[in-house]
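Note sheet for the following structure.
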2 protein chains.
Amino acid sequence: MEVRNKLLQAALRVFEECGSRGATTRRIAAEAGVNEITLFRHFGNKAALLNEAISSSGVLRPAAPLPREPRNPRAELLAWARAQHAGIRHNAALIRTSMGEMEGNPEMLRCSAENPRRANTELQAYLERLQGAGLMRAGVDTYAATAMLTGSLFADAMGRDMIPERYPYPEAEAPGKYVELFLRAIGADPDPAPPAAGTAPD
Amino acid sequence: MEVRNKLLQAALRVFEECGSRGATTRRIAAEAGVNEITLFRHFGNKAALLNEAISSSGVLRPAAPLPREPRNPRAELLAWARAQHAGIRHNAALIRTSMGEMEGNPEMLRCSAENPRRANTELQAYLERLQGAGLMRAGVDTYAATAMLTGSLFADAMGRDMIPERYPYPEAEAPGKYVELFLRAIGADPDPAPPAAGTAPD
DNA sequence: ACGGGGTGCAAGCAACCACTTGCTTGCACA
DNA sequence: TGTGCAAGCAAGTGGTTGCTTGCACCCCGT
(Lines give C-alpha, C1' and ligand atoms only; values in the text may rest on other atoms or scores of the structure.)
Protein backbone atom coordinates (compact mmCIF):
# COMPACT_ATOMS: atom_id res chain seq x y z
CA MET A 1 0.00 0.00 0.00
CA GLU A 2 2.93 2.28 0.49
CA VAL A 3 4.46 1.71 -2.93
CA ARG A 4 1.13 2.69 -4.46
CA ASN A 5 1.07 6.05 -2.71
CA LYS A 6 4.70 6.72 -3.52
CA LEU A 7 3.91 6.09 -7.17
CA LEU A 8 0.87 8.38 -7.09
CA GLN A 9 2.80 11.22 -5.51
CA ALA A 10 5.72 10.77 -7.88
CA ALA A 11 3.39 10.70 -10.87
CA LEU A 12 1.80 13.94 -9.77
CA ARG A 13 5.16 15.63 -9.23
CA VAL A 14 6.51 14.57 -12.61
CA PHE A 15 3.28 15.44 -14.39
CA GLU A 16 3.26 18.93 -12.87
CA GLU A 17 6.75 19.50 -14.16
CA CYS A 18 6.69 17.80 -17.57
CA GLY A 19 3.09 17.25 -18.60
CA SER A 20 1.60 13.93 -19.59
CA ARG A 21 3.84 13.47 -22.61
CA GLY A 22 6.96 14.25 -20.64
CA ALA A 23 5.99 12.15 -17.64
CA THR A 24 7.52 8.87 -18.76
CA THR A 25 6.91 5.71 -16.81
CA ARG A 26 10.64 5.29 -16.32
CA ARG A 27 10.99 8.71 -14.76
CA ILE A 28 7.94 8.30 -12.52
CA ALA A 29 9.23 4.97 -11.27
CA ALA A 30 12.68 6.43 -10.60
CA GLU A 31 11.16 9.39 -8.77
CA ALA A 32 9.19 6.98 -6.60
CA GLY A 33 12.24 4.81 -5.99
CA VAL A 34 10.41 1.82 -7.44
CA ASN A 35 11.04 -0.47 -10.36
CA GLU A 36 9.23 0.47 -13.52
CA ILE A 37 7.52 -2.91 -13.72
CA THR A 38 5.90 -2.38 -10.35
CA LEU A 39 4.18 0.65 -11.82
CA PHE A 40 2.50 -1.45 -14.50
CA ARG A 41 1.63 -4.18 -12.05
CA HIS A 42 -0.24 -1.67 -9.89
CA PHE A 43 -1.95 0.54 -12.45
CA GLY A 44 -1.97 -1.41 -15.70
CA ASN A 45 -0.90 1.49 -17.88
CA LYS A 46 0.39 5.00 -17.70
CA ALA A 47 -2.90 6.74 -18.40
CA ALA A 48 -4.63 5.04 -15.47
CA LEU A 49 -1.83 6.07 -13.13
CA LEU A 50 -1.87 9.71 -14.23
CA ASN A 51 -5.64 9.81 -14.09
CA GLU A 52 -5.76 8.54 -10.54
CA ALA A 53 -2.86 10.74 -9.43
CA ILE A 54 -4.47 13.91 -10.77
CA SER A 55 -8.05 13.27 -9.76
CA SER A 56 -7.10 12.15 -6.25
CA SER A 57 -4.98 15.28 -5.81
CA GLY A 58 -7.87 17.61 -6.56
CA VAL A 59 -9.87 16.32 -3.62
CA LEU A 60 -8.41 18.76 -1.15
CA ARG A 61 -10.69 21.77 -1.00
CA PRO A 62 -10.20 25.08 0.80
CA ALA A 63 -13.30 24.55 2.93
CA ALA A 64 -13.65 28.17 4.01
CA PRO A 65 -17.20 28.77 2.80
CA LEU A 66 -18.88 32.15 2.66
CA PRO A 67 -21.60 32.47 5.31
CA ARG A 68 -25.20 32.07 4.35
CA GLU A 69 -26.13 35.28 6.16
CA PRO A 70 -23.64 38.08 5.50
CA ARG A 71 -22.65 40.05 8.58
CA ASN A 72 -19.25 41.54 7.96
CA PRO A 73 -18.53 41.51 4.22
CA ARG A 74 -14.98 42.76 4.64
CA ALA A 75 -13.95 40.05 7.09
CA GLU A 76 -15.88 37.30 5.38
CA LEU A 77 -14.60 38.11 1.91
CA LEU A 78 -11.07 38.44 3.22
CA ALA A 79 -11.08 35.00 4.83
CA TRP A 80 -12.59 33.49 1.71
CA ALA A 81 -10.16 35.23 -0.63
CA ARG A 82 -7.20 34.11 1.46
CA ALA A 83 -8.33 30.51 1.33
CA GLN A 84 -8.94 30.69 -2.41
CA HIS A 85 -5.61 32.32 -3.08
CA ALA A 86 -3.75 29.81 -0.95
CA GLY A 87 -5.53 26.95 -2.69
CA ILE A 88 -4.59 28.20 -6.14
CA ARG A 89 -1.02 28.87 -5.07
CA HIS A 90 -0.74 25.38 -3.65
CA ASN A 91 -1.87 23.80 -6.91
CA ALA A 92 -0.26 26.34 -9.22
CA ALA A 93 1.99 23.92 -11.03
CA LEU A 94 -0.80 21.43 -11.57
CA ILE A 95 -3.16 24.13 -12.80
CA ARG A 96 -0.58 25.46 -15.22
CA THR A 97 0.13 22.06 -16.71
CA SER A 98 -3.54 21.11 -16.88
CA MET A 99 -4.36 24.34 -18.69
CA GLY A 100 -1.60 23.70 -21.18
CA GLU A 101 -2.98 20.26 -21.98
CA MET A 102 -6.69 21.02 -22.02
CA GLU A 103 -6.95 20.72 -25.81
CA GLY A 104 -5.71 17.17 -25.88
CA ASN A 105 -7.36 16.15 -22.62
CA PRO A 106 -10.83 17.68 -22.32
CA GLU A 107 -11.98 15.45 -19.47
CA MET A 108 -9.04 16.39 -17.30
CA LEU A 109 -10.07 19.99 -17.83
CA ARG A 110 -13.52 19.27 -16.49
CA CYS A 111 -11.99 17.85 -13.32
CA SER A 112 -9.43 20.63 -13.02
CA ALA A 113 -11.98 23.40 -13.56
CA GLU A 114 -14.25 22.11 -10.83
CA ASN A 115 -12.69 24.14 -8.05
CA PRO A 116 -12.82 27.54 -9.77
CA ARG A 117 -16.33 26.83 -10.99
CA ARG A 118 -17.52 26.14 -7.46
CA ALA A 119 -15.68 29.16 -6.13
CA ASN A 120 -17.30 31.44 -8.69
CA THR A 121 -20.76 30.09 -8.02
CA GLU A 122 -20.31 30.45 -4.29
CA LEU A 123 -19.05 34.00 -4.47
CA GLN A 124 -21.79 35.07 -6.83
CA ALA A 125 -24.50 33.67 -4.60
CA TYR A 126 -22.93 35.53 -1.69
CA LEU A 127 -22.90 38.77 -3.63
CA GLU A 128 -26.57 38.37 -4.45
CA ARG A 129 -27.31 37.89 -0.79
CA LEU A 130 -25.27 41.01 -0.09
CA GLN A 131 -27.30 42.88 -2.66
CA GLY A 132 -30.55 41.57 -1.24
CA ALA A 133 -29.56 42.73 2.24
CA GLY A 134 -28.67 46.17 0.95
CA LEU A 135 -25.04 45.74 1.94
CA MET A 136 -23.73 46.67 -1.50
CA ARG A 137 -24.77 48.84 -4.42
CA ALA A 138 -27.84 47.71 -6.29
CA GLY A 139 -26.79 48.11 -9.92
CA VAL A 140 -23.68 45.93 -9.79
CA ASP A 141 -23.47 43.00 -12.20
CA THR A 142 -22.74 40.17 -9.79
CA TYR A 143 -21.34 37.99 -12.57
CA ALA A 144 -18.78 40.57 -13.60
CA ALA A 145 -17.92 41.42 -9.99
CA THR A 146 -17.43 37.75 -9.20
CA ALA A 147 -15.21 37.31 -12.23
CA MET A 148 -13.21 40.34 -11.19
CA LEU A 149 -12.35 39.16 -7.67
CA THR A 150 -11.72 35.53 -8.55
CA GLY A 151 -9.82 36.66 -11.62
CA SER A 152 -7.58 38.92 -9.58
CA LEU A 153 -6.83 36.12 -7.14
CA PHE A 154 -6.19 33.65 -9.93
CA ALA A 155 -3.95 35.95 -11.94
CA ASP A 156 -2.00 36.92 -8.83
CA ALA A 157 -1.44 33.29 -7.86
CA MET A 158 -0.29 32.45 -11.38
CA GLY A 159 1.62 35.64 -12.08
CA ARG A 160 3.80 35.48 -9.00
CA ASP A 161 5.66 32.56 -10.56
CA MET A 162 5.88 34.07 -14.02
CA ILE A 163 6.34 37.82 -13.51
CA PRO A 164 7.48 38.08 -9.89
CA GLU A 165 8.77 41.64 -10.28
CA ARG A 166 5.22 42.84 -10.91
CA TYR A 167 4.11 41.76 -7.43
CA PRO A 168 6.23 43.75 -4.97
CA TYR A 169 3.85 43.24 -2.05
CA PRO A 170 4.12 39.92 -0.23
CA GLU A 171 1.86 37.04 -1.04
CA ALA A 172 0.12 37.14 2.32
CA GLU A 173 -1.09 40.72 1.78
CA ALA A 174 -2.34 40.24 -1.77
CA PRO A 175 -5.85 38.93 -1.01
CA GLY A 176 -6.42 41.80 1.41
CA LYS A 177 -5.47 44.38 -1.18
CA TYR A 178 -7.80 42.94 -3.79
CA VAL A 179 -10.66 42.57 -1.32
CA GLU A 180 -10.26 46.18 -0.27
CA LEU A 181 -10.41 47.40 -3.86
CA PHE A 182 -13.27 45.01 -4.52
CA LEU A 183 -15.33 46.36 -1.63
CA ARG A 184 -14.97 49.84 -3.09
CA ALA A 185 -15.88 48.58 -6.52
CA ILE A 186 -19.14 47.05 -5.39
CA GLY A 187 -19.95 49.85 -2.96
CA ALA A 188 -19.70 47.75 0.18
CA ASP A 189 -17.18 49.71 2.18
CA PRO A 190 -19.03 51.50 5.00
CA ASP A 191 -15.72 51.70 6.84
CA PRO A 192 -13.51 53.10 4.08
CA ALA A 193 -10.34 51.34 5.14
CA PRO A 194 -9.09 49.95 8.42
CA PRO A 195 -6.58 52.66 9.30
CA ALA A 196 -4.77 50.54 11.88
CA ALA A 197 -4.76 47.10 13.42
CA GLY A 198 -7.72 46.13 15.54
CA THR A 199 -10.97 44.27 15.36
CA ALA A 200 -13.57 45.44 12.91
CA PRO A 201 -16.10 47.86 14.42
CA ASP A 202 -18.89 45.41 13.57
CA MET B 1 9.90 31.91 -49.08
CA GLU B 2 6.36 30.61 -49.03
CA VAL B 3 7.25 27.15 -47.75
CA ARG B 4 9.11 28.76 -44.89
CA ASN B 5 6.08 30.75 -43.77
CA LYS B 6 3.80 27.77 -44.13
CA LEU B 7 6.13 25.80 -41.90
CA LEU B 8 6.26 28.59 -39.31
CA GLN B 9 2.50 28.91 -39.17
CA ALA B 10 2.02 25.15 -39.02
CA ALA B 11 4.60 24.86 -36.25
CA LEU B 12 2.81 27.51 -34.23
CA ARG B 13 -0.57 25.85 -34.70
CA VAL B 14 0.69 22.41 -33.73
CA PHE B 15 2.66 23.77 -30.79
CA GLU B 16 -0.38 25.61 -29.47
CA GLU B 17 -2.36 22.40 -29.57
CA CYS B 18 0.19 19.81 -28.46
CA GLY B 19 3.10 21.58 -26.80
CA SER B 20 6.72 21.19 -27.79
CA ARG B 21 6.88 17.50 -26.98
CA GLY B 22 3.71 16.75 -28.89
CA ALA B 23 4.65 18.90 -31.87
CA THR B 24 6.52 16.30 -33.89
CA THR B 25 8.38 17.24 -37.03
CA ARG B 26 6.22 14.81 -38.99
CA ARG B 27 3.03 16.44 -37.85
CA ILE B 28 4.27 19.97 -38.45
CA ALA B 29 5.40 19.04 -41.95
CA ALA B 30 2.09 17.34 -42.68
CA GLU B 31 0.17 20.34 -41.35
CA ALA B 32 2.19 22.60 -43.62
CA GLY B 33 1.71 20.29 -46.59
CA VAL B 34 5.46 19.95 -46.95
CA ASN B 35 7.87 17.06 -46.83
CA GLU B 36 9.50 16.52 -43.46
CA ILE B 37 12.99 16.84 -44.92
CA THR B 38 12.24 20.31 -46.15
CA LEU B 39 11.65 21.30 -42.55
CA PHE B 40 15.16 20.27 -41.59
CA ARG B 41 16.68 21.87 -44.66
CA HIS B 42 15.12 25.20 -43.73
CA PHE B 43 15.54 25.29 -39.96
CA GLY B 44 18.20 22.73 -39.13
CA ASN B 45 16.37 21.21 -36.19
CA LYS B 46 13.03 21.22 -34.47
CA ALA B 47 13.99 23.52 -31.62
CA ALA B 48 15.08 26.28 -34.00
CA LEU B 49 11.82 26.04 -35.90
CA LEU B 50 9.68 26.21 -32.77
CA ASN B 51 11.77 29.04 -31.38
CA GLU B 52 11.37 31.15 -34.49
CA ALA B 53 7.68 30.31 -34.82
CA ILE B 54 6.89 31.35 -31.27
CA SER B 55 9.06 34.43 -31.02
CA SER B 56 7.94 35.77 -34.38
CA SER B 57 4.30 35.30 -33.40
CA GLY B 58 4.69 37.46 -30.30
CA VAL B 59 5.71 40.46 -32.35
CA LEU B 60 2.19 41.67 -32.89
CA ARG B 61 1.38 44.12 -30.13
CA PRO B 62 -1.93 45.77 -29.29
CA ALA B 63 -0.50 49.24 -29.84
CA ALA B 64 -3.29 51.08 -28.03
CA PRO B 65 -1.14 52.98 -25.52
CA LEU B 66 -2.49 54.90 -22.58
CA PRO B 67 -2.09 58.65 -23.07
CA ARG B 68 0.70 60.50 -21.35
CA GLU B 69 -1.74 63.13 -20.07
CA PRO B 70 -4.95 61.61 -18.74
CA ARG B 71 -8.10 63.39 -19.81
CA ASN B 72 -10.95 60.94 -19.70
CA PRO B 73 -9.93 57.95 -17.57
CA ARG B 74 -13.09 56.03 -18.34
CA ALA B 75 -12.71 56.23 -22.11
CA GLU B 76 -8.95 55.81 -22.10
CA LEU B 77 -8.98 52.81 -19.78
CA LEU B 78 -11.80 51.23 -21.73
CA ALA B 79 -9.96 51.45 -25.04
CA TRP B 80 -6.81 50.10 -23.45
CA ALA B 81 -8.61 47.27 -21.68
CA ARG B 82 -10.37 46.27 -24.88
CA ALA B 83 -7.09 46.09 -26.76
CA GLN B 84 -5.44 44.09 -23.97
CA HIS B 85 -8.33 41.70 -23.70
CA ALA B 86 -8.46 41.16 -27.44
CA GLY B 87 -4.72 40.57 -27.53
CA ILE B 88 -4.85 37.93 -24.80
CA ARG B 89 -7.86 36.28 -26.39
CA HIS B 90 -6.09 36.14 -29.73
CA ASN B 91 -3.07 34.40 -28.22
CA ALA B 92 -4.97 32.38 -25.64
CA ALA B 93 -3.91 28.97 -26.90
CA LEU B 94 -0.28 30.00 -27.16
CA ILE B 95 -0.32 31.53 -23.69
CA ARG B 96 -1.88 28.42 -22.20
CA THR B 97 0.68 26.10 -23.74
CA SER B 98 3.59 28.38 -22.88
CA MET B 99 2.47 28.56 -19.27
CA GLY B 100 2.23 24.80 -19.11
CA GLU B 101 5.80 24.44 -20.34
CA MET B 102 7.46 27.22 -18.40
CA GLU B 103 9.27 24.84 -16.02
CA GLY B 104 11.11 23.06 -18.80
CA ASN B 105 11.55 26.13 -20.97
CA PRO B 106 12.42 29.17 -18.87
CA GLU B 107 13.62 31.31 -21.77
CA MET B 108 10.38 30.88 -23.68
CA LEU B 109 8.63 32.13 -20.57
CA ARG B 110 10.70 35.31 -20.61
CA CYS B 111 9.60 35.97 -24.19
CA SER B 112 5.99 35.03 -23.51
CA ALA B 113 5.74 37.15 -20.37
CA GLU B 114 7.00 40.24 -22.14
CA ASN B 115 3.55 41.47 -23.20
CA PRO B 116 1.86 41.26 -19.78
CA ARG B 117 4.93 42.77 -18.15
CA ARG B 118 4.80 45.76 -20.44
CA ALA B 119 1.04 46.09 -20.02
CA ASN B 120 1.35 46.12 -16.24
CA THR B 121 4.11 48.66 -16.26
CA GLU B 122 2.19 50.90 -18.64
CA LEU B 123 -1.02 50.77 -16.64
CA GLN B 124 0.73 51.41 -13.38
CA ALA B 125 2.50 54.47 -14.73
CA TYR B 126 -0.84 55.73 -16.00
CA LEU B 127 -2.44 55.23 -12.59
CA GLU B 128 0.34 57.20 -10.95
CA ARG B 129 -0.26 60.03 -13.40
CA LEU B 130 -3.95 59.80 -12.55
CA GLN B 131 -3.11 59.99 -8.88
CA GLY B 132 -0.79 62.95 -9.43
CA ALA B 133 -3.51 64.78 -11.32
CA GLY B 134 -6.01 64.16 -8.54
CA LEU B 135 -8.22 62.12 -10.84
CA MET B 136 -8.36 59.17 -8.48
CA ARG B 137 -8.22 58.51 -4.75
CA ALA B 138 -4.87 59.15 -3.11
CA GLY B 139 -4.42 56.12 -0.88
CA VAL B 140 -4.76 53.48 -3.58
CA ASP B 141 -1.88 51.02 -4.02
CA THR B 142 -1.21 51.40 -7.72
CA TYR B 143 0.56 48.02 -7.88
CA ALA B 144 -2.43 46.16 -6.48
CA ALA B 145 -4.88 48.13 -8.58
CA THR B 146 -2.86 47.40 -11.71
CA ALA B 147 -2.72 43.72 -10.86
CA MET B 148 -6.45 43.72 -10.30
CA LEU B 149 -7.45 45.14 -13.68
CA THR B 150 -4.92 43.21 -15.74
CA GLY B 151 -5.69 40.11 -13.71
CA SER B 152 -9.39 40.44 -14.39
CA LEU B 153 -8.78 40.81 -18.11
CA PHE B 154 -6.34 37.91 -18.16
CA ALA B 155 -8.56 35.56 -16.17
CA ASP B 156 -11.57 36.46 -18.30
CA ALA B 157 -9.69 35.81 -21.53
CA MET B 158 -8.46 32.47 -20.23
CA GLY B 159 -11.60 31.42 -18.39
CA ARG B 160 -13.94 31.88 -21.33
CA ASP B 161 -12.38 28.81 -22.93
CA MET B 162 -12.26 26.74 -19.76
CA ILE B 163 -15.39 27.67 -17.80
CA PRO B 164 -17.63 29.31 -20.40
CA GLU B 165 -20.77 29.00 -18.28
CA ARG B 166 -19.27 31.42 -15.75
CA TYR B 167 -19.17 34.21 -18.33
CA PRO B 168 -22.77 34.82 -19.41
CA TYR B 169 -22.10 38.32 -20.75
CA PRO B 170 -20.60 38.51 -24.22
CA GLU B 171 -16.89 38.87 -24.73
CA ALA B 172 -17.18 42.34 -26.20
CA GLU B 173 -18.81 43.73 -23.05
CA ALA B 174 -16.39 42.18 -20.58
CA PRO B 175 -13.67 44.85 -20.62
CA GLY B 176 -16.28 47.56 -20.11
CA LYS B 177 -17.71 45.82 -17.07
CA TYR B 178 -14.32 45.39 -15.45
CA VAL B 179 -13.27 48.95 -16.22
CA GLU B 180 -16.48 50.26 -14.66
CA LEU B 181 -15.90 48.30 -11.47
CA PHE B 182 -12.26 49.31 -11.54
CA LEU B 183 -13.08 53.01 -11.75
CA ARG B 184 -15.24 52.65 -8.65
CA ALA B 185 -12.48 50.72 -6.90
CA ILE B 186 -9.89 53.42 -7.41
CA GLY B 187 -12.31 56.27 -6.87
CA ALA B 188 -12.12 57.64 -10.39
CA ASP B 189 -15.78 57.69 -11.36
CA PRO B 190 -16.99 61.29 -11.31
CA ASP B 191 -19.79 60.25 -13.63
CA PRO B 192 -21.09 57.18 -11.74
CA ALA B 193 -22.11 55.26 -14.84
CA PRO B 194 -22.97 56.34 -18.36
CA PRO B 195 -26.74 55.89 -18.24
CA ALA B 196 -27.12 56.11 -21.99
CA ALA B 197 -25.14 56.62 -25.15
CA GLY B 198 -23.48 59.96 -25.65
CA THR B 199 -20.13 61.68 -25.37
CA ALA B 200 -18.60 61.98 -21.95
CA PRO B 201 -19.32 65.29 -20.19
CA ASP B 202 -15.56 65.97 -20.09
C1' DA C 1 9.20 -26.07 6.61
C1' DC C 2 6.62 -24.30 2.96
C1' DG C 3 3.87 -21.84 -0.31
C1' DG C 4 2.44 -17.50 -2.20
C1' DG C 5 2.06 -12.55 -3.00
C1' DG C 6 4.74 -8.44 -3.68
C1' DT C 7 8.98 -6.82 -5.52
C1' DG C 8 13.37 -6.50 -8.20
C1' DC C 9 16.43 -7.47 -12.26
C1' DA C 10 17.75 -8.40 -17.07
C1' DA C 11 16.18 -8.36 -21.42
C1' DG C 12 13.42 -7.34 -25.00
C1' DC C 13 9.40 -5.93 -27.99
C1' DA C 14 7.15 -2.79 -31.50
C1' DA C 15 6.31 1.85 -32.22
C1' DC C 16 7.72 6.33 -32.49
C1' DC C 17 11.06 10.08 -32.26
C1' DA C 18 14.63 13.61 -34.44
C1' DC C 19 17.59 13.59 -37.91
C1' DT C 20 20.63 11.88 -42.05
C1' DT C 21 21.91 10.11 -46.58
C1' DG C 22 21.57 9.27 -51.57
C1' DC C 23 19.02 9.99 -55.37
C1' DT C 24 15.24 11.95 -58.34
C1' DT C 25 12.04 15.51 -60.04
C1' DG C 26 10.60 20.06 -61.51
C1' DC C 27 11.51 24.73 -62.58
C1' DA C 28 14.17 28.97 -63.56
C1' DC C 29 17.65 31.16 -65.98
C1' DA C 30 21.54 31.56 -69.03
C1' DT D 1 20.83 22.72 -74.09
C1' DG D 2 23.15 22.93 -69.76
C1' DT D 3 23.45 24.35 -64.81
C1' DG D 4 21.81 25.24 -60.24
C1' DC D 5 18.44 25.25 -56.75
C1' DA D 6 14.34 23.89 -54.13
C1' DA D 7 11.63 20.23 -53.11
C1' DG D 8 10.27 15.31 -52.92
C1' DC D 9 11.02 10.31 -52.04
C1' DA D 10 12.77 5.91 -49.93
C1' DA D 11 15.46 4.14 -46.60
C1' DG D 12 17.81 3.99 -42.46
C1' DT D 13 20.47 5.93 -38.18
C1' DG D 14 20.47 5.73 -33.03
C1' DG D 15 17.68 6.79 -29.20
C1' DT D 16 13.32 6.80 -26.35
C1' DT D 17 8.77 5.25 -25.05
C1' DG D 18 5.02 2.20 -23.31
C1' DC D 19 4.67 -2.22 -22.09
C1' DT D 20 5.78 -7.46 -21.68
C1' DT D 21 8.15 -11.83 -20.43
C1' DG D 22 10.78 -14.87 -17.48
C1' DC D 23 13.10 -15.67 -13.41
C1' DA D 24 14.99 -14.87 -8.81
C1' DC D 25 14.28 -12.97 -4.28
C1' DC D 26 12.35 -12.23 0.24
C1' DC D 27 9.17 -11.58 3.68
C1' DC D 28 5.03 -13.44 5.94
C1' DG D 29 1.34 -16.36 7.46
C1' DT D 30 0.32 -21.13 8.22
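Chain labels A, B, ... are given in the sequence in which chains occur in the C-alpha coordinates; within each chain residues are numbered consecutively from 1, and ligands are likewise numbered from 1 in the order shown.
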
Self-check item: C:DG26 environment, 10 Å, only C-alpha atoms (C1' of nucleotides), sequence neighbours closer than 4 positions dropped, as a PyMOL selection string
Solution: chain D and resi 6-8

Practice problem: Name the residues of stretch 48-133 of chain A that come out as helix (DSSP H, G or I) in a backbone DSSP run; write them as number ranges by chain. | Solution: A: 48-57, 73-90, 92-100, 106-112, 114-132

Quiz item: Could you pull the residues within 12 Å of C:DG12, counting only C-alpha atoms (C1' of nucleotides), minus those fewer than 5 positions along the same chain, as a PyMOL selection string?
Solution: chain D and resi 19-22

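Contacts from chain A to chain D at a cut-off of 10 Å (only C-alpha atoms (C1' of nucleotides)) map to A:Arg21, A:Thr24, A:Thr25, A:Arg26, A:Ile37, A:Phe40, A:Gly44, A:Asn45, A:Lys46.
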
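The coordinates place atom CA of B:Met108 at 27.5 Å from atom CA of A:Arg110.
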
Self-check item: Residues of chain A within 8 Å of chain B, only C-alpha atoms counted, as a PyMOL selection string
Solution: chain A and resi 17-19+21-22+96-101+103-104+109+113+117+120-121+143-145+147-156+162-163+166-168+174+177-178+181-187

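Those residues of chain C that fall within 10 Å of chain A when using only C-alpha atoms (C1' of nucleotides) read DG6, DT7, DG8 and DC9 of chain C.
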
Practice problem: Figure out the distance between atom CA of B:Ala29 and atom CA of B:Ser57, please, to one decimal in Å. | Solution: 18.4 Å

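The environment of A:Arg68 within 12 Å, counting only C-alpha atoms (C1' of nucleotides) and disregarding residues fewer than 4 places along the same chain, consists of Asn72, Pro73, Glu76, Glu122, Leu123, Ala125, Tyr126, Leu127, Glu128, Arg129, Leu130 and Ala133 of chain A.
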
Self-check item: Atomic separation - atom CA of A:Asn91 relative to atom CA of A:Ile28, Å
Solution: 19.2 Å
